[in-house]
Amino acid sequence: MDPNTACFLVNLGISLGSSVKMASLLNIDNRIMYSIGVAAIELGLIDADVAFGIPISAKAKNIYFDRPPI
């Protein structure tokens with residue numbers, strides 16, 4: 001990996017983190033999912049070397065966590 005690629009990936013991580021933090025401050029549930037990006041690349045939906053997905057939800061119940069009732 002060359003230094004430009006390393007810097008790009010660090011900047012990508014910072015921007016992803018900022019994006020999900022802002023969504024969280026707006027009460028939008030979200031997660032960064034590498035597997036979504038890999039699936040999009042493998043399905044040919046995007047032409048990229050690196051991809052991530054950020055599913056979002058603005059419902060009353062967080063759909064990304066399914067905890068049994070206590």
# chains A, B, ... in the order shown; residues from 1 in each chain; ligands from 1

$ residues_around --residues "region 15-17 of chain A" --least-positions-apart "4" --cutoff "8 Å" --atoms "only C-alpha atoms" --output "count of residues only"
3

$ select_by_dssp --residues "chain A" --states "helix (DSSP H, G or I)" --output "number ranges by chain"
A: 3-25, 34-42

$ write_last_selection --atoms "C-alpha atoms" --output "PDB file, in the first residue's frame"
ATOM      1  CA  PRO A   3       1.164   6.496   1.255  1.00  0.00           C
ATOM      2  CA  ASN A   4      -1.527   8.083  -0.927  1.00  0.00           C
ATOM      3  CA  THR A   5      -3.779   5.053  -0.511  1.00  0.00           C
ATOM      4  CA  ALA A   6      -3.213   5.020   3.236  1.00  0.00           C
ATOM      5  CA  CYS A   7      -4.089   8.731   3.489  1.00  0.00           C
ATOM      6  CA  PHE A   8      -7.179   8.178   1.347  1.00  0.00           C
ATOM      7  CA  LEU A   9      -8.410   5.372   3.606  1.00  0.00           C
ATOM      8  CA  VAL A  10      -7.787   7.431   6.751  1.00  0.00           C
ATOM      9  CA  ASN A  11      -9.710  10.366   5.248  1.00  0.00           C
ATOM     10  CA  LEU A  12     -12.505   8.014   4.202  1.00  0.00           C
ATOM     11  CA  GLY A  13     -12.773   6.690   7.754  1.00  0.00           C
ATOM     12  CA  ILE A  14     -12.907  10.209   9.181  1.00  0.00           C
ATOM     13  CA  SER A  15     -15.621  11.284   6.750  1.00  0.00           C
ATOM     14  CA  LEU A  16     -17.674   8.143   7.385  1.00  0.00           C
ATOM     15  CA  GLY A  17     -17.408   8.680  11.135  1.00  0.00           C
ATOM     16  CA  SER A  18     -18.470  12.323  10.793  1.00  0.00           C
ATOM     17  CA  SER A  19     -21.430  11.329   8.624  1.00  0.00           C
ATOM     18  CA  VAL A  20     -22.787   8.736  11.025  1.00  0.00           C
ATOM     19  CA  LYS A  21     -22.200  11.047  14.010  1.00  0.00           C
ATOM     20  CA  MET A  22     -24.244  13.812  12.367  1.00  0.00           C
ATOM     21  CA  ALA A  23     -27.003  11.338  11.532  1.00  0.00           C
ATOM     22  CA  SER A  24     -26.945  10.149  15.146  1.00  0.00           C
ATOM     23  CA  LEU A  25     -27.246  13.743  16.421  1.00  0.00           C
ATOM     24  CA  TYR A  34     -18.335  -3.017   5.199  1.00  0.00           C
ATOM     25  CA  SER A  35     -20.323  -6.057   4.046  1.00  0.00           C
ATOM     26  CA  ILE A  36     -22.815  -3.851   2.179  1.00  0.00           C
ATOM     27  CA  GLY A  37     -19.976  -2.278   0.211  1.00  0.00           C
ATOM     28  CA  VAL A  38     -18.477  -5.665  -0.616  1.00  0.00           C
ATOM     29  CA  ALA A  39     -21.875  -6.942  -1.767  1.00  0.00           C
ATOM     30  CA  ALA A  40     -22.386  -3.875  -3.994  1.00  0.00           C
ATOM     31  CA  ILE A  41     -18.974  -4.402  -5.608  1.00  0.00           C
ATOM     32  CA  GLU A  42     -19.512  -8.154  -6.125  1.00  0.00           C
TER      33      GLU A  42
END

$ residues_around --residues "Ala58 (chain A)" --least-positions-apart "6" --cutoff "8 Å" --atoms "only C-alpha atoms" --output "list of chain:residue names"
A:Asn27, A:Ile28, A:Asp29

$ select_by_dssp --residues "chain A" --states "strand (DSSP E or B)" --output "PyMOL selection string"
chain A and resi 29-30+33+53+56-57

$ residues_around --residues "Arg31 (chain A)" --least-positions-apart "3" --cutoff "9 Å" --atoms "only C-alpha atoms" --output "list in words"
Val20, Gly53, Ile54, Pro55, Ile56 and Tyr64 of chain A
